[in-house]
Amino acid sequence: MSEKRSKDLPTGAMIIEPGNAVKYETGSWRSKRPEVDKEKCTNCLTCWIYCPDNSIIVEEGKMKGFKYSHCKGCGICAVQCPAKCITMKEEGT
Amino acid sequence: MESQLVFNGDQAIAFSWKQIDPDVVAAYPITPQTIIVENFSDFVANGEVNSEYVCAESEHSAMSICIGAAAAGARVATATASAGLAFMWEVLYIASAMRLPIVMSVANRALSGPINIHCDHSDAMGARDSGWIQMFGENVQEAYDDSIMSFKIAEHMNVRLPVMNCIDGFIVTHSLEKFLPLDDAVVKKFIGDFKPVRPLLDLKNPTTMGPFSFTDYYFEHKYQLVEAMNKAMPVIKDTFKEYGKITGRHYDVAEGYRLDDADYVIMAMGSTAGTVKYVVDQLRAEGHKVGSLKLRLFRPFPAKEIARLLQGKKAVAVFDRAISIGSTGPVFPEVRSALFDVKDRPKIVNYVYGLGGRDVRPDELKDVFKNLMSGNVNELNFMGVRI
């Protein structure tokens, strides 16, 4: 994606393909990684509501973890979690 | 063709907008532009146009509204001057980067401080790097003609850049002159229907405009503006030609006056170019080989055309109604650069003049020609200031 030339890009920096953020992986921006303690998690999905990057994996109504390909490590999920079951861990540790 | 009218420059521009009937006009009044938006708001109130007129709370907001409206798919016009243009500075770059064909009339006025309401080009020169096309008109007729041509140029599919048509504050904006308008139908046919490119209101083709462009794409997006500006030059020339065919008024990006056999030349933009022609006639009558060059277009800069017109002259004075403090006037280095690789390049000097509306007198211009002829001239000179 980063190899497109100026002349091949839509004019005016327009994004003409809806929903293409999925192709732009922002996981490498992360310095802290969210981890969930499923023993404490109540599957209330508050994290899913608040996540600005749609990076909470939900299957059949249950919180299943994080899409680390796009999670920027902002930590909003950890702050908002009513059960205090999400912790932010230093990347690379 | 309609009969001759007597209007000032601002009225002539407002009249052109009435004929064009843009979808949206968003503006904030500022002297010496105010008459444009005052007159236009009358047209709106009287139902003479269908435009949505938004009286914004600031110029930053006015340009932001223009950007939003243009992105939504509207044909948009606005006007400003001086501090108003400076206050738009940030969003001017957004308009060009989003490739929105907004047309803005600028009534050139000095920037504060000290606060001043009269003419110089410091406002427009501050916007020279913003990706806007910049045209300069000499008189009321050109104010009207440039306004109409600006829409055609901005909206051309090879260009899609915003256009600033500049006229000298008070000298042109508030002076009554005769001019020849076109019939409404001729104007409408000349500029054609507005064709938006992926308007935001087109829900079948959803588009995100103005997104973040990171280290991996910003440079490529900026380069698109370079290409668009390059493509603008032939479109501007073609537009001048087409307009000339229907009006008999033939413009060019740089217009010589008694230039062919001239040895000494004054080059200027805006109303001063008219005064220079008057002085050229006087000196020609005395047998001096003098001429003038009027720059109609500052962005894109017509370097090749200027080089062709000035090649072989003995000396050229480039007139700047603005100064980059700590350097020279802004037009001068571009003209010298344009001629650097030319054989038989003339001696090229800079005159900074007319700041804050200081009068430009024919006898002063005569002295400049005499200084060029005698060689008694510095690289940077100031005309009309008490030092």
# chains A, B, ... in the order shown; residues from 1 in each chain; ligands from 1
$ interface_residues --of "chain A" --to "chain B" --cutoff "8 Å" --atoms "only C-alpha atoms" --output "mmCIF file with N, CA and C atoms, in the first residue's frame"
data_model
loop_
_atom_site.group_PDB
_atom_site.id
_atom_site.type_symbol
_atom_site.label_atom_id
_atom_site.label_comp_id
_atom_site.auth_asym_id
_atom_site.auth_seq_id
_atom_site.Cartn_x
_atom_site.Cartn_y
_atom_site.Cartn_z
ATOM 1 N N SER A 2 1.965 1.250 0.722
ATOM 2 C CA SER A 2 2.803 2.441 0.809
ATOM 3 C C SER A 2 3.627 2.691 -0.438
ATOM 4 N N ARG A 5 2.175 5.507 -6.244
ATOM 5 C CA ARG A 5 2.755 6.769 -6.687
ATOM 6 C C ARG A 5 1.715 7.880 -6.603
ATOM 7 N N SER A 6 2.215 9.101 -6.629
ATOM 8 C CA SER A 6 1.354 10.281 -6.554
ATOM 9 C C SER A 6 0.222 10.216 -7.582
ATOM 10 N N LYS A 7 0.584 9.847 -8.826
ATOM 11 C CA LYS A 7 -0.414 9.864 -9.905
ATOM 12 C C LYS A 7 -1.446 8.740 -9.772
ATOM 13 N N LEU A 9 -2.855 7.918 -6.878
ATOM 14 C CA LEU A 9 -3.710 8.171 -5.712
ATOM 15 C C LEU A 9 -4.918 9.027 -6.111
ATOM 16 N N THR A 11 -7.325 12.124 -6.164
ATOM 17 C CA THR A 11 -6.938 13.525 -5.956
ATOM 18 C C THR A 11 -7.437 14.028 -4.609
ATOM 19 N N GLY A 12 -6.728 15.011 -4.105
ATOM 20 C CA GLY A 12 -7.161 15.687 -2.887
ATOM 21 C C GLY A 12 -7.157 14.808 -1.658
ATOM 22 N N ALA A 13 -6.365 13.731 -1.672
ATOM 23 C CA ALA A 13 -6.284 12.803 -0.540
ATOM 24 C C ALA A 13 -7.641 12.191 -0.193
ATOM 25 N N MET A 14 -8.554 12.167 -1.183
ATOM 26 C CA MET A 14 -9.876 11.592 -0.904
ATOM 27 C C MET A 14 -9.772 10.088 -0.679
ATOM 28 N N ILE A 15 -10.563 9.594 0.243
ATOM 29 C CA ILE A 15 -10.694 8.147 0.429
ATOM 30 C C ILE A 15 -11.995 7.742 -0.241
ATOM 31 N N ILE A 16 -11.873 6.997 -1.328
ATOM 32 C CA ILE A 16 -13.056 6.701 -2.139
ATOM 33 C C ILE A 16 -13.539 5.262 -1.957
ATOM 34 N N GLU A 17 -12.878 4.557 -1.046
ATOM 35 C CA GLU A 17 -13.286 3.180 -0.772
ATOM 36 C C GLU A 17 -13.694 3.112 0.699
ATOM 37 N N PRO A 18 -15.001 2.978 0.964
ATOM 38 C CA PRO A 18 -15.438 3.001 2.369
ATOM 39 C C PRO A 18 -14.859 1.821 3.159
#
$ residues_around --residues "Cys71 in chain A" --least-positions-apart "2" --cutoff "6 Å" --atoms "only C-alpha atoms" --output "list in words"
Gly27, Ser55, Tyr68 and Gly73 of chain A
$ closest_residue --among "A:Ala21, A:Lys4, A:Thr26, A:Asn43" --to "His70 in chain A" --atoms "only C-alpha atoms"
A:Thr26
$ select_by_dssp --residues "range 222-266 of chain B" --states "helix (DSSP H, G or I)" --output "ChimeraX atom specification"
/B:222-247
$ write_last_selection --atoms "C-alpha atoms" --output "compact mmCIF listing (two decimals), in the first residue's frame"
# COMPACT_ATOMS: atom_id res chain seq x y z
CA LYS B 222 1.64 17.57 -2.12
CA TYR B 223 3.18 16.52 -5.44
CA GLN B 224 -0.33 16.24 -6.88
CA LEU B 225 -0.68 19.99 -6.28
CA VAL B 226 2.57 20.61 -8.16
CA GLU B 227 1.18 18.68 -11.13
CA ALA B 228 -2.20 20.44 -10.95
CA MET B 229 -0.48 23.85 -10.95
CA ASN B 230 1.59 22.79 -13.99
CA LYS B 231 -1.58 21.74 -15.77
CA ALA B 232 -3.23 25.04 -14.83
CA MET B 233 -0.92 27.11 -17.02
CA PRO B 234 -2.24 25.88 -20.41
CA VAL B 235 -5.82 25.96 -19.08
CA ILE B 236 -5.39 29.60 -18.04
CA LYS B 237 -3.98 30.50 -21.47
CA ASP B 238 -6.81 28.67 -23.24
CA THR B 239 -9.36 30.39 -21.01
CA PHE B 240 -7.86 33.80 -21.85
CA LYS B 241 -8.04 32.92 -25.56
CA GLU B 242 -11.63 31.71 -25.40
CA TYR B 243 -12.64 34.79 -23.42
CA GLY B 244 -10.84 36.99 -25.94
CA LYS B 245 -12.85 35.45 -28.76
CA ILE B 246 -16.19 36.39 -27.20
CA THR B 247 -15.17 39.77 -25.74
$ atom_distance --atom1 "CA of Val279 in chain B" --atom2 "CA of Arg358 in chain B"
17.9 Å
$ residues_around --residues "Gln311 in chain B" --least-positions-apart "3" --cutoff "8 Å" --atoms "only C-alpha atoms" --output "count of residues only"
8
$ closest_residue --among "B:Pro101, B:Pro22, B:Gly248, B:Ala83" --to "Asn158 in chain B" --atoms "only C-alpha atoms"
B:Pro101
$ residues_around --residues "Ile49 in chain A" --least-positions-apart "3" --cutoff "12 Å" --atoms "only C-alpha atoms" --output "MDAnalysis selection string"
chainID A and resid 43:46 52:58 63 76:77 80:81
$ select_by_dssp --residues "chain A" --states "strand (DSSP E)" --output "PDB file with C-alpha atoms, in the first residue's frame"
ATOM      1  CA  LYS A  32       1.427  -0.790  25.682  1.00  0.00           C
ATOM      2  CA  ARG A  33      -0.629  -3.910  25.043  1.00  0.00           C
ATOM      3  CA  PRO A  34      -4.061  -4.567  26.605  1.00  0.00           C
ATOM      4  CA  GLU A  35      -4.511  -7.991  28.222  1.00  0.00           C
ATOM      5  CA  VAL A  36      -7.742  -9.352  29.635  1.00  0.00           C
ATOM      6  CA  ILE A  56     -12.255  -5.812  20.600  1.00  0.00           C
ATOM      7  CA  ILE A  57     -13.012  -9.281  19.287  1.00  0.00           C
ATOM      8  CA  VAL A  58     -16.570 -10.351  20.128  1.00  0.00           C
ATOM      9  CA  GLU A  59     -18.004 -13.749  19.270  1.00  0.00           C
ATOM     10  CA  LYS A  62     -18.652 -12.778  24.476  1.00  0.00           C
ATOM     11  CA  MET A  63     -15.491 -10.662  24.683  1.00  0.00           C
ATOM     12  CA  LYS A  64     -12.761 -12.861  23.209  1.00  0.00           C
ATOM     13  CA  GLY A  65      -9.688 -10.615  23.203  1.00  0.00           C
ATOM     14  CA  PHE A  66      -8.032  -7.921  21.079  1.00  0.00           C
ATOM     15  CA  ILE A  86      -8.015  -5.257  31.464  1.00  0.00           C
ATOM     16  CA  THR A  87      -4.417  -4.296  32.200  1.00  0.00           C
ATOM     17  CA  MET A  88      -1.915  -2.506  29.975  1.00  0.00           C
ATOM     18  CA  LYS A  89       1.413  -4.340  29.662  1.00  0.00           C
ATOM     19  CA  GLU A  90       4.600  -2.783  28.304  1.00  0.00           C
TER      20      GLU A  90
END
$ closest_residue --among "B:Val335, B:His60, B:Val280, B:Gly375" --to "Asp363 in chain B" --atoms "only C-alpha atoms"
B:Val280
$ closest_residue --among "B:Asp10, B:Glu52, B:Asp129, B:Asp183" --to "Ala107 in chain B" --atoms "only C-alpha atoms"
B:Asp10
$ closest_residue --among "B:Ile20, B:Arg321, B:Leu176, B:Phe214" --to "Tyr24 in chain A" --atoms "only C-alpha atoms"
B:Phe214
$ decode --residues "range 10-48 of chain A" --atoms "N, CA and C atoms" --output "tab-separated table (two decimals), in the first residue's frame"
chain	number	residue	atom	x	y	z
A	10	PRO	N	-6.06	8.84	-5.44
A	10	PRO	CA	-7.19	9.73	-5.69
A	10	PRO	C	-6.77	11.18	-5.41
A	11	THR	N	-7.32	12.12	-6.16
A	11	THR	CA	-6.94	13.52	-5.96
A	11	THR	C	-7.44	14.03	-4.61
A	12	GLY	N	-6.73	15.01	-4.10
A	12	GLY	CA	-7.16	15.69	-2.89
A	12	GLY	C	-7.16	14.81	-1.66
A	13	ALA	N	-6.36	13.73	-1.67
A	13	ALA	CA	-6.28	12.80	-0.54
A	13	ALA	C	-7.64	12.19	-0.19
A	14	MET	N	-8.55	12.17	-1.18
A	14	MET	CA	-9.88	11.59	-0.90
A	14	MET	C	-9.77	10.09	-0.68
A	15	ILE	N	-10.56	9.59	0.24
A	15	ILE	CA	-10.69	8.15	0.43
A	15	ILE	C	-12.00	7.74	-0.24
A	16	ILE	N	-11.87	7.00	-1.33
A	16	ILE	CA	-13.06	6.70	-2.14
A	16	ILE	C	-13.54	5.26	-1.96
A	17	GLU	N	-12.88	4.56	-1.05
A	17	GLU	CA	-13.29	3.18	-0.77
A	17	GLU	C	-13.69	3.11	0.70
A	18	PRO	N	-15.00	2.98	0.96
A	18	PRO	CA	-15.44	3.00	2.37
A	18	PRO	C	-14.86	1.82	3.16
A	19	GLY	N	-14.57	2.07	4.41
A	19	GLY	CA	-14.16	0.99	5.31
A	19	GLY	C	-12.78	0.44	5.06
A	20	ASN	N	-11.91	1.21	4.39
A	20	ASN	CA	-10.61	0.64	4.07
A	20	ASN	C	-9.60	0.76	5.20
A	21	ALA	N	-10.03	1.29	6.35
A	21	ALA	CA	-9.12	1.36	7.49
A	21	ALA	C	-8.65	-0.03	7.92
A	22	VAL	N	-9.44	-1.05	7.57
A	22	VAL	CA	-9.07	-2.42	7.92
A	22	VAL	C	-7.74	-2.81	7.26
A	23	LYS	N	-7.44	-2.15	6.12
A	23	LYS	CA	-6.20	-2.47	5.41
A	23	LYS	C	-4.98	-1.73	5.97
A	24	TYR	N	-5.25	-0.78	6.84
A	24	TYR	CA	-4.15	0.05	7.34
A	24	TYR	C	-3.88	-0.37	8.78
A	25	GLU	N	-2.91	-1.24	8.95
A	25	GLU	CA	-2.67	-1.82	10.27
A	25	GLU	C	-1.89	-0.84	11.15
A	26	THR	N	-2.49	-0.54	12.29
A	26	THR	CA	-1.91	0.47	13.17
A	26	THR	C	-1.36	-0.15	14.46
A	27	GLY	N	-1.31	-1.49	14.50
A	27	GLY	CA	-0.86	-2.18	15.71
A	27	GLY	C	0.58	-1.85	16.09
A	28	SER	N	1.39	-1.48	15.08
A	28	SER	CA	2.81	-1.21	15.37
A	28	SER	C	3.00	0.12	16.11
A	29	TRP	N	1.93	0.93	16.18
A	29	TRP	CA	2.04	2.20	16.90
A	29	TRP	C	2.07	1.96	18.42
A	30	ARG	N	1.65	0.74	18.82
A	30	ARG	CA	1.35	0.46	20.22
A	30	ARG	C	2.62	0.36	21.06
A	31	SER	N	2.65	1.05	22.21
A	31	SER	CA	3.76	0.84	23.15
A	31	SER	C	3.30	0.02	24.35
A	32	LYS	N	1.96	0.06	24.60
A	32	LYS	CA	1.43	-0.79	25.68
A	32	LYS	C	0.32	-1.67	25.13
A	33	ARG	N	0.27	-2.90	25.59
A	33	ARG	CA	-0.63	-3.91	25.04
A	33	ARG	C	-1.72	-4.25	26.07
A	34	PRO	N	-3.01	-4.18	25.65
A	34	PRO	CA	-4.06	-4.57	26.60
A	34	PRO	C	-4.13	-6.09	26.76
A	35	GLU	N	-4.31	-6.55	28.00
A	35	GLU	CA	-4.51	-7.99	28.22
A	35	GLU	C	-5.71	-8.15	29.14
A	36	VAL	N	-6.50	-9.18	28.87
A	36	VAL	CA	-7.74	-9.35	29.63
A	36	VAL	C	-7.64	-10.59	30.54
A	37	ASP	N	-8.17	-10.42	31.75
A	37	ASP	CA	-8.26	-11.55	32.68
A	37	ASP	C	-9.69	-12.09	32.57
A	38	LYS	N	-9.85	-13.18	31.80
A	38	LYS	CA	-11.20	-13.69	31.53
A	38	LYS	C	-11.86	-14.29	32.78
A	39	GLU	N	-11.06	-14.54	33.85
A	39	GLU	CA	-11.65	-14.99	35.12
A	39	GLU	C	-12.58	-13.92	35.69
A	40	LYS	N	-12.14	-12.63	35.50
A	40	LYS	CA	-12.91	-11.52	36.08
A	40	LYS	C	-13.91	-10.91	35.10
A	41	CYS	N	-13.69	-11.12	33.78
A	41	CYS	CA	-14.49	-10.45	32.74
A	41	CYS	C	-15.96	-10.90	32.81
A	42	THR	N	-16.89	-9.91	32.76
A	42	THR	CA	-18.32	-10.23	32.83
A	42	THR	C	-18.98	-10.20	31.45
A	43	ASN	N	-18.17	-9.95	30.38
A	43	ASN	CA	-18.69	-9.82	29.01
A	43	ASN	C	-19.76	-8.73	28.90
A	44	CYS	N	-19.56	-7.65	29.63
A	44	CYS	CA	-20.50	-6.53	29.55
A	44	CYS	C	-20.33	-5.75	28.25
A	45	LEU	N	-19.17	-5.91	27.59
A	45	LEU	CA	-18.84	-5.30	26.29
A	45	LEU	C	-18.69	-3.78	26.35
A	46	THR	N	-18.45	-3.25	27.56
A	46	THR	CA	-18.14	-1.81	27.66
A	46	THR	C	-16.88	-1.51	26.83
A	47	CYS	N	-15.90	-2.41	26.87
A	47	CYS	CA	-14.67	-2.21	26.10
A	47	CYS	C	-14.98	-2.11	24.60
A	48	TRP	N	-15.88	-2.93	24.14
A	48	TRP	CA	-16.26	-2.95	22.71
A	48	TRP	C	-16.94	-1.64	22.31
